[in-house]
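Pasted below: run_3.pdb, PDB, C-alpha atoms.
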```
ATOM      1  CA  MET U   6       0.000   0.000   0.000  1.00  0.00           C
ATOM      2  CA  ILE U   7       1.292   3.491  -0.826  1.00  0.00           C
ATOM      3  CA  ASN U   8       0.586   6.536   1.264  1.00  0.00           C
ATOM      4  CA  SER U   9      -0.090   9.441  -1.098  1.00  0.00           C
ATOM      5  CA  ASN U  10       1.235  11.973   1.429  1.00  0.00           C
ATOM      6  CA  ASN U  11       4.800  10.753   1.844  1.00  0.00           C
ATOM      7  CA  LYS U  12       5.025   8.167  -0.981  1.00  0.00           C
ATOM      8  CA  LYS U  13       6.500   5.563   1.393  1.00  0.00           C
ATOM      9  CA  LYS U  14       5.430   1.967   1.874  1.00  0.00           C
ATOM     10  CA  ILE U  15       3.447   1.422   5.038  1.00  0.00           C
ATOM     11  CA  ARG U  16       2.343  -1.651   6.909  1.00  0.00           C
ATOM     12  CA  ARG U  17      -0.430  -2.395   9.342  1.00  0.00           C
ATOM     13  CA  ILE U  18       0.099  -3.520  12.917  1.00  0.00           C
ATOM     14  CA  GLY U  19      -3.365  -4.099  14.255  1.00  0.00           C
ATOM     15  CA  THR U  20      -5.225  -0.979  13.220  1.00  0.00           C
ATOM     16  CA  ILE U  21      -2.183   1.299  13.406  1.00  0.00           C
ATOM     17  CA  LYS U  22      -0.435   2.407  10.217  1.00  0.00           C
ATOM     18  CA  ARG U  23       3.334   2.686  10.414  1.00  0.00           C
ATOM     19  CA  VAL U  24       6.155   3.502   8.046  1.00  0.00           C
ATOM     20  CA  LYS U  25       7.952   0.331   6.891  1.00  0.00           C
ATOM     21  CA  THR U  26      11.098   1.120   8.872  1.00  0.00           C
ATOM     22  CA  VAL U  27       8.931   2.092  11.885  1.00  0.00           C
ATOM     23  CA  LYS U  28      11.717   3.859  13.745  1.00  0.00           C
ATOM     24  CA  ASN U  29      11.901   7.601  14.311  1.00  0.00           C
ATOM     25  CA  PRO U  30      14.247   9.739  16.444  1.00  0.00           C
ATOM     26  CA  GLU U  31      12.017   9.301  19.501  1.00  0.00           C
ATOM     27  CA  SER U  32      12.392   5.485  19.415  1.00  0.00           C
ATOM     28  CA  SER U  33      15.989   5.258  18.297  1.00  0.00           C
ATOM     29  CA  LEU U  34      19.125   4.108  20.092  1.00  0.00           C
ATOM     30  CA  ILE U  35      20.079   7.774  20.454  1.00  0.00           C
ATOM     31  CA  LYS U  36      17.238   8.351  22.911  1.00  0.00           C
ATOM     32  CA  ASN U  37      17.078   4.903  24.513  1.00  0.00           C
ATOM     33  CA  LEU U  38      20.772   4.859  25.368  1.00  0.00           C
ATOM     34  CA  SER U  39      20.835   8.562  26.316  1.00  0.00           C
ATOM     35  CA  ILE U  40      23.654   9.328  23.890  1.00  0.00           C
ATOM     36  CA  SER U  41      23.959  12.837  22.521  1.00  0.00           C
ATOM     37  CA  LYS U  42      24.406  13.278  18.785  1.00  0.00           C
ATOM     38  CA  THR U  43      27.984  13.735  17.638  1.00  0.00           C
ATOM     39  CA  LYS U  44      29.564  14.258  14.250  1.00  0.00           C
ATOM     40  CA  ASN U  45      30.736  10.657  13.965  1.00  0.00           C
ATOM     41  CA  TYR U  46      27.700   9.059  15.602  1.00  0.00           C
ATOM     42  CA  LEU U  47      26.697   5.881  13.783  1.00  0.00           C
ATOM     43  CA  PHE U  48      23.023   6.690  13.294  1.00  0.00           C
ATOM     44  CA  LEU U  49      23.244  10.453  12.778  1.00  0.00           C
ATOM     45  CA  ASN U  50      22.545  10.421   9.015  1.00  0.00           C
ATOM     46  CA  LYS U  51      19.151   8.697   9.388  1.00  0.00           C
ATOM     47  CA  ASN U  52      15.981   9.757  11.129  1.00  0.00           C
ATOM     48  CA  TYR U  53      15.272   6.121  12.017  1.00  0.00           C
ATOM     49  CA  PHE U  54      17.235   3.022  12.933  1.00  0.00           C
ATOM     50  CA  CYS U  55      16.925  -0.225  10.988  1.00  0.00           C
ATOM     51  CA  VAL U  56      19.387  -2.875  12.164  1.00  0.00           C
ATOM     52  CA  THR U  57      19.538  -4.588   8.776  1.00  0.00           C
ATOM     53  CA  ASP U  58      21.010  -1.417   7.229  1.00  0.00           C
ATOM     54  CA  TRP U  59      24.241  -1.764   9.225  1.00  0.00           C
ATOM     55  CA  ASN U  60      27.162  -4.168   9.542  1.00  0.00           C
ATOM     56  CA  VAL U  61      27.342  -6.366  12.619  1.00  0.00           C
ATOM     57  CA  GLU U  62      30.826  -5.017  13.408  1.00  0.00           C
ATOM     58  CA  ASP U  63      29.710  -1.373  13.217  1.00  0.00           C
ATOM     59  CA  ILE U  64      26.850  -1.847  15.660  1.00  0.00           C
ATOM     60  CA  GLY U  65      28.862  -4.124  17.968  1.00  0.00           C
ATOM     61  CA  ASP U  66      31.751  -1.648  18.142  1.00  0.00           C
ATOM     62  CA  LYS U  67      29.415   1.290  18.778  1.00  0.00           C
ATOM     63  CA  LEU U  68      27.602  -0.569  21.568  1.00  0.00           C
ATOM     64  CA  ALA U  69      30.958  -1.461  23.145  1.00  0.00           C
ATOM     65  CA  GLN U  70      32.022   2.179  22.935  1.00  0.00           C
ATOM     66  CA  ILE U  71      28.813   3.316  24.636  1.00  0.00           C
ATOM     67  CA  SER U  72      29.143   0.671  27.370  1.00  0.00           C
ATOM     68  CA  LYS U  73      32.776   1.586  28.006  1.00  0.00           C
ATOM     69  CA  SER U  74      31.808   5.244  28.281  1.00  0.00           C
ATOM     70  CA  ASN U  75      29.131   4.383  30.875  1.00  0.00           C
ATOM     71  CA  LEU U  76      31.409   2.040  32.840  1.00  0.00           C
ATOM     72  CA  ASP U  77      34.283   4.538  32.915  1.00  0.00           C
ATOM     73  CA  LYS U  78      32.055   7.013  34.779  1.00  0.00           C
ATOM     74  CA  ILE U  79      31.513   4.641  37.709  1.00  0.00           C
ATOM     75  CA  TYR U  80      33.507   5.484  40.847  1.00  0.00           C
ATOM     76  CA  PRO U  81      34.700   2.593  43.075  1.00  0.00           C
ATOM     77  CA  LYS U  82      32.793   4.054  46.037  1.00  0.00           C
ATOM     78  CA  GLU U  83      29.517   3.533  44.119  1.00  0.00           C
ATOM     79  CA  LEU U  84      30.096  -0.241  44.291  1.00  0.00           C
ATOM     80  CA  TYR U  85      31.269  -0.426  47.904  1.00  0.00           C
ATOM     81  CA  LYS U  86      29.208  -2.875  50.002  1.00  0.00           C
ATOM     82  CA  GLY U  87      26.431  -2.968  47.422  1.00  0.00           C
ATOM     83  CA  ILE U  88      25.543   0.649  48.048  1.00  0.00           C
ATOM     84  CA  TYR U  89      23.770   0.764  44.689  1.00  0.00           C
ATOM     85  CA  LEU U  90      21.107  -1.545  46.191  1.00  0.00           C
ATOM     86  CA  LYS U  91      20.346   0.663  49.205  1.00  0.00           C
ATOM     87  CA  LYS U  92      17.472   3.127  49.598  1.00  0.00           C
ATOM     88  CA  ASP U  93      19.647   6.150  48.819  1.00  0.00           C
ATOM     89  CA  LYS U  94      21.008   4.589  45.607  1.00  0.00           C
ATOM     90  CA  ASN U  95      19.946   7.505  43.382  1.00  0.00           C
ATOM     91  CA  ASN U  96      22.293   9.830  45.233  1.00  0.00           C
ATOM     92  CA  SER U  97      25.038   7.385  46.179  1.00  0.00           C
ATOM     93  CA  SER U  98      25.381   5.431  42.897  1.00  0.00           C
ATOM     94  CA  PRO U  99      23.967   7.460  39.988  1.00  0.00           C
ATOM     95  CA  ASN U 100      26.476   6.146  37.436  1.00  0.00           C
ATOM     96  CA  VAL U 101      25.819   2.503  38.319  1.00  0.00           C
ATOM     97  CA  LEU U 102      22.082   3.058  37.923  1.00  0.00           C
ATOM     98  CA  ASN U 103      22.666   4.826  34.606  1.00  0.00           C
ATOM     99  CA  CYS U 104      24.646   1.824  33.361  1.00  0.00           C
ATOM    100  CA  ILE U 105      21.888  -0.570  34.464  1.00  0.00           C
ATOM    101  CA  GLN U 106      19.234   1.629  32.842  1.00  0.00           C
ATOM    102  CA  SER U 107      21.160   1.744  29.550  1.00  0.00           C
ATOM    103  CA  SER U 108      21.272  -2.060  29.431  1.00  0.00           C
ATOM    104  CA  SER U 109      17.557  -2.268  30.207  1.00  0.00           C
ATOM    105  CA  ASN U 110      16.814   0.293  27.493  1.00  0.00           C
ATOM    106  CA  LEU U 111      18.828  -1.703  24.958  1.00  0.00           C
ATOM    107  CA  THR U 112      16.905  -4.870  25.856  1.00  0.00           C
ATOM    108  CA  ALA U 113      13.551  -3.092  25.513  1.00  0.00           C
ATOM    109  CA  PHE U 114      14.626  -1.488  22.237  1.00  0.00           C
ATOM    110  CA  ILE U 115      15.568  -4.844  20.670  1.00  0.00           C
ATOM    111  CA  ILE U 116      12.247  -6.415  21.673  1.00  0.00           C
ATOM    112  CA  GLU U 117      10.385  -3.479  20.128  1.00  0.00           C
ATOM    113  CA  ASP U 118      12.611  -3.587  17.048  1.00  0.00           C
ATOM    114  CA  ILE U 119      11.804  -7.249  16.349  1.00  0.00           C
ATOM    115  CA  ILE U 120       8.061  -7.141  16.967  1.00  0.00           C
ATOM    116  CA  SER U 121       7.583  -3.900  15.011  1.00  0.00           C
ATOM    117  CA  TYR U 122       7.650  -5.806  11.705  1.00  0.00           C
ATOM    118  CA  ASN U 123       4.378  -7.348  10.601  1.00  0.00           C
ATOM    119  CA  THR U 124       5.557 -10.508   8.800  1.00  0.00           C
ATOM    120  CA  PRO U 125       7.379 -13.498  10.306  1.00  0.00           C
ATOM    121  CA  ARG U 126      10.062 -13.370   7.607  1.00  0.00           C
ATOM    122  CA  LEU U 127      10.943  -9.718   8.298  1.00  0.00           C
ATOM    123  CA  ARG U 128      10.950 -10.337  12.044  1.00  0.00           C
ATOM    124  CA  ALA U 129      13.200 -13.362  11.512  1.00  0.00           C
ATOM    125  CA  ARG U 130      15.734 -11.295   9.533  1.00  0.00           C
ATOM    126  CA  VAL U 131      15.903  -8.695  12.306  1.00  0.00           C
ATOM    127  CA  TYR U 132      16.128 -11.437  14.948  1.00  0.00           C
ATOM    128  CA  GLU U 133      19.009 -13.065  13.051  1.00  0.00           C
ATOM    129  CA  LYS U 134      20.898  -9.792  12.854  1.00  0.00           C
ATOM    130  CA  TRP U 135      20.626  -9.246  16.607  1.00  0.00           C
ATOM    131  CA  VAL U 136      21.834 -12.805  17.243  1.00  0.00           C
ATOM    132  CA  LEU U 137      24.921 -12.088  15.118  1.00  0.00           C
ATOM    133  CA  ILE U 138      25.513  -8.804  16.980  1.00  0.00           C
ATOM    134  CA  CYS U 139      25.187 -10.641  20.308  1.00  0.00           C
ATOM    135  CA  ASP U 140      27.712 -13.250  19.140  1.00  0.00           C
ATOM    136  CA  TYR U 141      30.078 -10.481  18.008  1.00  0.00           C
ATOM    137  CA  CYS U 142      29.847  -8.877  21.464  1.00  0.00           C
ATOM    138  CA  ARG U 143      30.541 -12.257  23.081  1.00  0.00           C
ATOM    139  CA  GLN U 144      33.619 -12.859  20.939  1.00  0.00           C
ATOM    140  CA  ASN U 145      34.935  -9.376  21.713  1.00  0.00           C
ATOM    141  CA  LYS U 146      34.335  -9.782  25.472  1.00  0.00           C
ATOM    142  CA  ASP U 147      31.657  -7.091  25.584  1.00  0.00           C
ATOM    143  CA  HIS U 148      29.727  -9.044  28.200  1.00  0.00           C
ATOM    144  CA  ASN U 149      27.445  -6.176  29.206  1.00  0.00           C
ATOM    145  CA  ASP U 150      25.889  -5.799  25.752  1.00  0.00           C
ATOM    146  CA  CYS U 151      25.984  -9.538  25.103  1.00  0.00           C
ATOM    147  CA  ILE U 152      23.792 -10.183  28.152  1.00  0.00           C
ATOM    148  CA  ALA U 153      21.474  -7.254  27.337  1.00  0.00           C
ATOM    149  CA  ILE U 154      20.897  -8.526  23.782  1.00  0.00           C
ATOM    150  CA  TYR U 155      20.553 -12.113  24.998  1.00  0.00           C
ATOM    151  CA  SER U 156      17.931 -10.999  27.533  1.00  0.00           C
ATOM    152  CA  ALA U 157      15.908  -9.451  24.719  1.00  0.00           C
ATOM    153  CA  LEU U 158      16.194 -12.481  22.443  1.00  0.00           C
ATOM    154  CA  ASN U 159      15.284 -14.817  25.316  1.00  0.00           C
ATOM    155  CA  ASN U 160      12.336 -12.683  26.454  1.00  0.00           C
ATOM    156  CA  TYR U 161       8.958 -14.456  26.507  1.00  0.00           C
ATOM    157  CA  ILE U 162       7.601 -11.961  23.972  1.00  0.00           C
ATOM    158  CA  ILE U 163      10.197 -13.051  21.406  1.00  0.00           C
ATOM    159  CA  THR U 164      10.262 -16.763  22.275  1.00  0.00           C
ATOM    160  CA  GLY U 165       6.491 -16.798  21.791  1.00  0.00           C
ATOM    161  CA  LEU U 166       6.793 -15.774  18.124  1.00  0.00           C
ATOM    162  CA  ASN U 167       6.605 -19.341  16.814  1.00  0.00           C
ATOM    163  CA  LEU U 168       6.063 -18.428  13.147  1.00  0.00           C
ATOM    164  CA  THR U 169       9.005 -16.027  13.287  1.00  0.00           C
ATOM    165  CA  LEU U 170      11.361 -18.543  14.880  1.00  0.00           C
ATOM    166  CA  LYS U 171      10.454 -21.106  12.208  1.00  0.00           C
ATOM    167  CA  GLU U 172      11.823 -18.670   9.616  1.00  0.00           C
ATOM    168  CA  VAL U 173      15.172 -18.331  11.404  1.00  0.00           C
ATOM    169  CA  LYS U 174      18.068 -20.068   9.643  1.00  0.00           C
ATOM    170  CA  TYR U 175      19.472 -23.250  11.165  1.00  0.00           C
ATOM    171  CA  LYS U 176      22.974 -21.743  11.390  1.00  0.00           C
ATOM    172  CA  ILE U 177      21.646 -18.787  13.399  1.00  0.00           C
ATOM    173  CA  LYS U 178      19.823 -21.154  15.751  1.00  0.00           C
ATOM    174  CA  ASN U 179      23.118 -22.953  16.412  1.00  0.00           C
ATOM    175  CA  THR U 180      24.827 -19.624  17.082  1.00  0.00           C
ATOM    176  CA  PHE U 181      22.096 -18.660  19.550  1.00  0.00           C
ATOM    177  CA  GLU U 182      22.474 -22.030  21.275  1.00  0.00           C
ATOM    178  CA  GLN U 183      26.168 -21.237  21.839  1.00  0.00           C
ATOM    179  CA  ILE U 184      25.199 -17.831  23.254  1.00  0.00           C
ATOM    180  CA  ASN U 185      22.595 -19.520  25.443  1.00  0.00           C
ATOM    181  CA  ASN U 186      25.233 -21.853  26.878  1.00  0.00           C
ATOM    182  CA  PHE U 187      27.628 -18.941  27.414  1.00  0.00           C
ATOM    183  CA  CYS U 188      25.057 -16.816  29.268  1.00  0.00           C
ATOM    184  CA  ASN U 189      23.869 -19.724  31.402  1.00  0.00           C
ATOM    185  CA  VAL U 190      23.178 -18.663  34.997  1.00  0.00           C
ATOM    186  CA  GLU U 191      24.444 -21.928  36.477  1.00  0.00           C
ATOM    187  CA  ALA U 192      27.218 -21.608  39.060  1.00  0.00           C
ATOM    188  CA  ASN U 193      26.740 -17.837  39.191  1.00  0.00           C
ATOM    189  CA  TYR U 194      27.514 -17.195  35.497  1.00  0.00           C
ATOM    190  CA  LYS U 195      30.597 -19.399  35.601  1.00  0.00           C
ATOM    191  CA  ASN U 196      31.150 -19.315  31.813  1.00  0.00           C
ATOM    192  CA  ILE U 197      31.170 -15.525  31.704  1.00  0.00           C
ATOM    193  CA  ARG U 198      33.456 -15.256  34.731  1.00  0.00           C
ATOM    194  CA  ASN U 199      35.885 -17.762  33.181  1.00  0.00           C
ATOM    195  CA  ASP U 200      35.878 -15.781  29.943  1.00  0.00           C
ATOM    196  CA  MET U 201      36.711 -12.592  31.844  1.00  0.00           C
ATOM    197  CA  ASP U 202      39.714 -14.251  33.491  1.00  0.00           C
ATOM    198  CA  VAL U 203      41.296 -15.283  30.168  1.00  0.00           C
TER     199      VAL U 203
END
```

Written as structure tokens, that's how I'd like the structure from this file.
Amino acid sequence: MINSNNKKKIRRIGTIKRVKTVKNPESSLIKNLSISKTKNYLFLNKNYFCVTDWNVEDIGDKLAQISKSNLDKIYPKELYKGIYLKKDKNNSSPNVLNCIQSSSNLTAFIIEDIISYNTPRLRARVYEKWVLICDYCRQNKDHNDCIAIYSALNNYIITGLNLTLKEVKYKIKNTFEQINNFCNVEANYKNIRNDMDV
């Protein structure tokens, strides 16, 4: 269907009409990760974000850069005796909370990104791309983003998309199985802790 006003393809989600790419500045990584626009910012030249438009390495490196920036702001005293879990955590550990919020925002963004497409095949392509990005983060020891992406892909909203998951390639399913084993919670995330020690 063609919208005569903006001449762009649109798709229906329920009764709501949306532009094919769905994303706009208000629902982009720029807002969700609280990153200000800079001259070399990855998504600056578009007014929306579509994960399939970018290389896995570009997105993985940018996410690692954002995570490093957030982690570098944390002072040791913010972690002392689990102070970030106390009642006064907003004042005593603002940078820790900001880091946690950024990871939660990334997880929520990925869930929204996948379900925003109206056909199983399109959702499967986006799902596959995020699996590859998650694997790239794992290989480059970006554990923060790896776990955030894994949390989104393993969310009940995504795992309930049976028609979408049937469209996912067998190779991608194997890759996700490796990620699943890596992010296993058994023995207090033993696999991740071992990987950090290497």

**Message:** What does the structure give for the distance between atom CA of U:Ser156 and atom CA of U:Ala69, in Å to one decimal?
**Reply:** 16.7 Å

**Request:** Could you tell me how far atom CA of U:Pro125 lies from atom CA of U:Leu168, in Å and to one decimal?
**Result:** 5.8 Å

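Proximity ranking of U:Cys139, U:Ala153, U:Ile163, U:Met201 relative to U:Phe181 places U:Cys139 first, based on all atoms listed in the file.
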
**Prompt:** Which of these, U:Ile116, U:Cys55, U:Lys178, U:Ile197, has the shortest distance to U:Gly165 once you count only C-alpha atoms?
**Reply:** U:Ile116

**Complete:** atom CA of U:Arg198 to atom CA of U:Lys92 measures 28.5 Å
